[in-house]
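Novice: My structure is below; once you've seen it, I'll send some questions.
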Amino acid sequence: MWSNHWIGYIYILLGVIYIFPAFICLSVLIRPPLVFHSTYKFMCFISVMDICNIAACCFFAGFYSLTGATFKNTPSMLPIGSITLALWVSYCAINIILAFDRLVCFCSFTWSQRLFSGNSSFLWIALALLAGGQMLIEFDGKQFYHYDSSIGGWRFELLPEGTKNYRHMAINIGTFACLVLLYSSIVLVVSRKAKQDKLQNQAAFQSAAICGFAMGADIFCIIVQNIQNPSIAMCYGANFAWQLAHGGTGYACLIMNRTIRDALVNHGKGILKFFQIKRTETRVVTVTTSQPHSTGSKITNAHTAAQK
């Protein structure tokens with residue numbers, strides 16, 4: 001369909017386009033006061049997962065396509081593949097947790113505080129990491145996760161050949177089903193509320209947009225996994241959907257969340273103010289150090305004039 005070099009350049013270009021918003025969002029989300037809220041803690045973790053997954057499906061994939069790397073001449077490819085799938089599963093888990101957080105917040109403030117306030121948020125994040133970590137355990141076959149330049153994507157296969165990766169398939173289907181169920185419940189709860197909370201609704205829509213990207217990637221993966229011989233175009237489509245799932249999150253946050261935009265603007269103003277202060281200090285130091293020379297010059301000139 002496309003040459004390996006072209007697809008490699010495209011993947012790397014998309015990686016650059018996608019990763020900058022992820023870093024921008026992360027730099028804002030890790031700062032107070034946003035970092036104290038459970039929803040933003042989860043979104044911060046999602047940004048970290050986005051950056052890691054973009055590295056795998058854009059930069060590593062692009063590099064492997066450009067260099068023609070295989071699992072034979074690049075031994076590091078197999079462990080990178082295993083870690084990549086674990087990161088994807090952690091990403092799916094935290095999206096489900098984020099949706100559950102939004103649903104509980106709409107239903108009961110008391111239960112929302114009990115389940116997600118304070119350090120309990122980190123327990124949920126640890127649960128997402130645990131969900132990804134279990135993918136590194138080889139109890140259903142030897143992992144043979146490698147990048148295939150001929151299809152422009154990763155192959156998450158098990159050995160011996162022909163072994164079905166039911167765990168991966170179940171996670172993709174389960175993630176899609178859970179997100180549909182949770183966000184359908186959120187829509188139902190919001191529609192029945194007499195008093196609409198604009199900020200809560202905004203947070204729900206943004207969370208739905210973020211998770212919607214994950215659902216799109218899940219659909220592509222489910223289709224490709226369950227077709228006997230998927231076309232190369234479908235394999236490319238699955239990888240592009242995977243890239244969009246992580247690249248779209250940053251743009252969704254910046255476009256839809258005014259709180260993040262305002263925090264970013266304030267952060268930018270703080271940086272500019274810092275450099276302005278530094279520049280002012282430099283000018284003051286320069287003027288101060290130059291004054292003795294100027295005074296000394298005047299004294300010398302006056303002394304010379306007196307002698308004459």
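Residues are referred to by chain and number: the chain letter is A, B, ... according to the order shown in the structure tokens, the number counts from 1 in that chain, and ligands are numbered separately from 1 in the order shown.
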Identify all residues of range 126-218 of chain A in strand (DSSP E or B) (DSSP on the backbone) and supply them as a list in words.

Specialist: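 Reading the DSSP output for range 126-218 of chain A, strand (DSSP E or B) covers Lys142, Gln143, Phe144, Tyr145, His146, Tyr147, Asp148, Gly153, Trp154, Arg155, Phe156, Glu157, Leu158, Leu159 and Thr163 of chain A.
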
Novice: Those same residues - N, CA and C atoms - I'd like them written as a CSV table (one decimal), in the first residue's frame.

Specialist:
```
chain,number,residue,atom,x,y,z
A,142,LYS,N,3.6,-18.0,25.3
A,142,LYS,CA,4.8,-17.1,25.2
A,142,LYS,C,4.5,-15.9,24.4
A,143,GLN,N,4.8,-14.7,25.0
A,143,GLN,CA,4.5,-13.5,24.3
A,143,GLN,C,5.5,-13.3,23.1
A,144,PHE,N,4.8,-13.0,21.9
A,144,PHE,CA,5.6,-12.7,20.7
A,144,PHE,C,5.1,-11.4,20.1
A,145,TYR,N,5.2,-10.3,20.9
A,145,TYR,CA,4.7,-9.0,20.5
A,145,TYR,C,5.8,-8.3,19.8
A,146,HIS,N,5.6,-8.1,18.5
A,146,HIS,CA,6.7,-7.5,17.6
A,146,HIS,C,6.0,-6.6,16.6
A,147,TYR,N,6.8,-5.7,16.1
A,147,TYR,CA,6.4,-4.8,15.0
A,147,TYR,C,6.6,-5.4,13.6
A,148,ASP,N,5.6,-5.3,12.8
A,148,ASP,CA,5.7,-5.9,11.4
A,148,ASP,C,5.6,-4.7,10.4
A,153,GLY,N,2.2,-2.1,11.7
A,153,GLY,CA,1.6,-2.1,13.0
A,153,GLY,C,2.3,-3.2,13.9
A,154,TRP,N,1.9,-3.2,15.1
A,154,TRP,CA,2.4,-4.2,16.1
A,154,TRP,C,1.5,-5.5,16.0
A,155,ARG,N,2.2,-6.6,16.1
A,155,ARG,CA,1.5,-7.9,16.2
A,155,ARG,C,1.5,-8.4,17.6
A,156,PHE,N,0.4,-8.5,18.3
A,156,PHE,CA,0.4,-9.0,19.6
A,156,PHE,C,-0.1,-10.5,19.6
A,157,GLU,N,0.9,-11.3,19.3
A,157,GLU,CA,0.7,-12.8,19.1
A,157,GLU,C,1.3,-13.6,20.2
A,158,LEU,N,0.8,-14.8,20.3
A,158,LEU,CA,1.4,-15.7,21.3
A,158,LEU,C,2.0,-16.9,20.6
A,159,LEU,N,2.9,-17.5,21.3
A,159,LEU,CA,3.5,-18.8,20.8
A,159,LEU,C,3.1,-19.9,21.7
A,163,THR,N,-1.9,-19.8,18.7
A,163,THR,CA,-2.5,-19.5,20.0
A,163,THR,C,-3.2,-18.2,20.0
```

Novice: Could you give me the residues within range 43-92 of chain A that DSSP places in alpha helix (DSSP H), as an MDAnalysis selection string?

Specialist: chainID A and resid 43:54 61:67 77:92

Novice: Those residues with N, CA and C atoms, as a compact mmCIF listing (two decimals), in the first residue's frame please?

Specialist:
```txt
# COMPACT_ATOMS: atom_id res chain seq x y z
N MET A 43 -6.73 12.18 34.93
CA MET A 43 -6.37 12.74 33.63
C MET A 43 -4.86 12.93 33.51
N CYS A 44 -4.22 13.24 34.62
CA CYS A 44 -2.75 13.35 34.63
C CYS A 44 -2.12 12.00 34.30
N PHE A 45 -2.64 10.94 34.90
CA PHE A 45 -2.14 9.59 34.62
C PHE A 45 -2.42 9.21 33.17
N ILE A 46 -3.58 9.61 32.66
CA ILE A 46 -3.91 9.35 31.26
C ILE A 46 -2.89 10.04 30.35
N SER A 47 -2.49 11.27 30.70
CA SER A 47 -1.49 11.99 29.90
C SER A 47 -0.17 11.23 29.87
N VAL A 48 0.22 10.67 31.02
CA VAL A 48 1.45 9.87 31.07
C VAL A 48 1.33 8.65 30.16
N MET A 49 0.18 7.97 30.24
CA MET A 49 -0.04 6.80 29.38
C MET A 49 -0.07 7.20 27.91
N ASP A 50 -0.64 8.37 27.62
CA ASP A 50 -0.65 8.86 26.24
C ASP A 50 0.76 9.03 25.71
N ILE A 51 1.62 9.66 26.49
CA ILE A 51 3.00 9.90 26.06
C ILE A 51 3.72 8.58 25.81
N CYS A 52 3.56 7.62 26.72
CA CYS A 52 4.22 6.31 26.56
C CYS A 52 3.70 5.57 25.33
N ASN A 53 2.38 5.59 25.13
CA ASN A 53 1.81 4.87 24.00
C ASN A 53 2.12 5.56 22.67
N ILE A 54 2.18 6.89 22.67
CA ILE A 54 2.57 7.61 21.45
C ILE A 54 4.00 7.23 21.07
N ALA A 61 7.35 2.73 16.16
CA ALA A 61 6.82 2.16 14.92
C ALA A 61 7.43 2.85 13.70
N GLY A 62 7.53 4.17 13.75
CA GLY A 62 8.14 4.90 12.64
C GLY A 62 9.60 4.54 12.44
N PHE A 63 10.34 4.43 13.54
CA PHE A 63 11.76 4.08 13.47
C PHE A 63 11.94 2.67 12.89
N TYR A 64 11.11 1.73 13.35
CA TYR A 64 11.21 0.36 12.85
C TYR A 64 10.88 0.29 11.36
N SER A 65 9.90 1.08 10.92
CA SER A 65 9.56 1.09 9.49
C SER A 65 10.68 1.69 8.66
N LEU A 66 11.28 2.76 9.15
CA LEU A 66 12.36 3.42 8.40
C LEU A 66 13.60 2.54 8.30
N THR A 67 13.91 1.82 9.35
CA THR A 67 15.14 1.02 9.38
C THR A 67 14.93 -0.42 8.94
N MET A 77 13.00 -5.30 20.59
CA MET A 77 11.63 -5.12 20.11
C MET A 77 10.62 -5.93 20.92
N LEU A 78 10.97 -7.15 21.29
CA LEU A 78 10.02 -8.02 21.99
C LEU A 78 9.68 -7.51 23.38
N PRO A 79 10.66 -7.15 24.23
CA PRO A 79 10.26 -6.57 25.53
C PRO A 79 9.53 -5.24 25.40
N ILE A 80 9.89 -4.44 24.39
CA ILE A 80 9.17 -3.17 24.16
C ILE A 80 7.72 -3.47 23.80
N GLY A 81 7.50 -4.50 22.99
CA GLY A 81 6.14 -4.90 22.63
C GLY A 81 5.33 -5.33 23.84
N SER A 82 5.95 -6.09 24.75
CA SER A 82 5.24 -6.54 25.95
C SER A 82 4.87 -5.37 26.84
N ILE A 83 5.81 -4.44 27.02
CA ILE A 83 5.54 -3.25 27.85
C ILE A 83 4.47 -2.38 27.19
N THR A 84 4.50 -2.31 25.87
CA THR A 84 3.52 -1.50 25.13
C THR A 84 2.10 -1.99 25.38
N LEU A 85 1.90 -3.30 25.30
CA LEU A 85 0.55 -3.84 25.52
C LEU A 85 0.13 -3.63 26.98
N ALA A 86 1.06 -3.75 27.91
CA ALA A 86 0.75 -3.51 29.32
C ALA A 86 0.31 -2.06 29.53
N LEU A 87 0.99 -1.13 28.86
CA LEU A 87 0.62 0.29 28.97
C LEU A 87 -0.76 0.55 28.38
N TRP A 88 -1.07 -0.12 27.27
CA TRP A 88 -2.39 0.03 26.65
C TRP A 88 -3.48 -0.45 27.60
N VAL A 89 -3.25 -1.57 28.29
CA VAL A 89 -4.25 -2.11 29.21
C VAL A 89 -4.42 -1.17 30.41
N SER A 90 -3.32 -0.60 30.91
CA SER A 90 -3.42 0.39 31.99
C SER A 90 -4.23 1.60 31.54
N TYR A 91 -4.03 2.00 30.29
CA TYR A 91 -4.77 3.12 29.72
C TYR A 91 -6.26 2.80 29.66
N CYS A 92 -6.60 1.60 29.22
CA CYS A 92 -8.01 1.19 29.18
C CYS A 92 -8.62 1.19 30.58
```

Novice: Residues near Tyr18 in chain A, anyone? I mean within 7 Å using only C-alpha atoms, not counting same-chain ones fewer than 4 positions away, as a list in words.

Specialist: Leu14, Ala22 and Gly247 of chain A

Novice: Measuring atom to atom with only C-alpha atoms, identify which of A:Ser108, A:Asn165, A:Thr259, A:Gln134 is nearest to Cys25 in chain A.

Specialist: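 Between A:Ser108, A:Asn165, A:Thr259, A:Gln134, the residue approaching Cys25 in chain A most closely is A:Thr259.
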
Novice: Range 113-115 of chain A: which residues within 12 Å, counting only C-alpha atoms, same-chain residues fewer than 5 positions away excluded, as a list in words?

Specialist: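 My reading of the contact set: His37, Ser38, Thr39, Ile97, Phe100, Asp101, Arg102, Leu103, Val104, Cys105, Phe106, Cys107, Ser108, Ser120, Ser121, Phe122, Leu123 and Trp124 of chain A.
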
Novice: Dump C-alpha atoms for the selected residues as a PDB file, in the first residue's frame?

Specialist:
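Below you can see out-v5.pdb, which holds the result:
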```pdb
ATOM      1  CA  HIS A  37      -8.845  16.770  42.422  1.00  0.00           C
ATOM      2  CA  SER A  38      -9.394  13.081  41.688  1.00  0.00           C
ATOM      3  CA  THR A  39     -10.614  13.642  38.130  1.00  0.00           C
ATOM      4  CA  ILE A  97     -12.036   4.368  36.349  1.00  0.00           C
ATOM      5  CA  PHE A 100     -16.831   5.485  37.030  1.00  0.00           C
ATOM      6  CA  ASP A 101     -15.548   8.543  38.928  1.00  0.00           C
ATOM      7  CA  ARG A 102     -17.768  10.828  36.838  1.00  0.00           C
ATOM      8  CA  LEU A 103     -20.814   8.595  37.335  1.00  0.00           C
ATOM      9  CA  VAL A 104     -20.392   8.417  41.123  1.00  0.00           C
ATOM     10  CA  CYS A 105     -19.821  12.191  41.246  1.00  0.00           C
ATOM     11  CA  PHE A 106     -23.146  12.777  39.474  1.00  0.00           C
ATOM     12  CA  CYS A 107     -25.021  10.290  41.656  1.00  0.00           C
ATOM     13  CA  SER A 108     -23.688  11.019  45.140  1.00  0.00           C
ATOM     14  CA  SER A 120      -7.646   7.055  47.563  1.00  0.00           C
ATOM     15  CA  SER A 121      -7.185   8.330  43.998  1.00  0.00           C
ATOM     16  CA  PHE A 122      -3.700   6.821  43.997  1.00  0.00           C
ATOM     17  CA  LEU A 123      -5.155   3.430  44.939  1.00  0.00           C
ATOM     18  CA  TRP A 124      -7.300   3.559  41.791  1.00  0.00           C
TER      19      TRP A 124
END
```
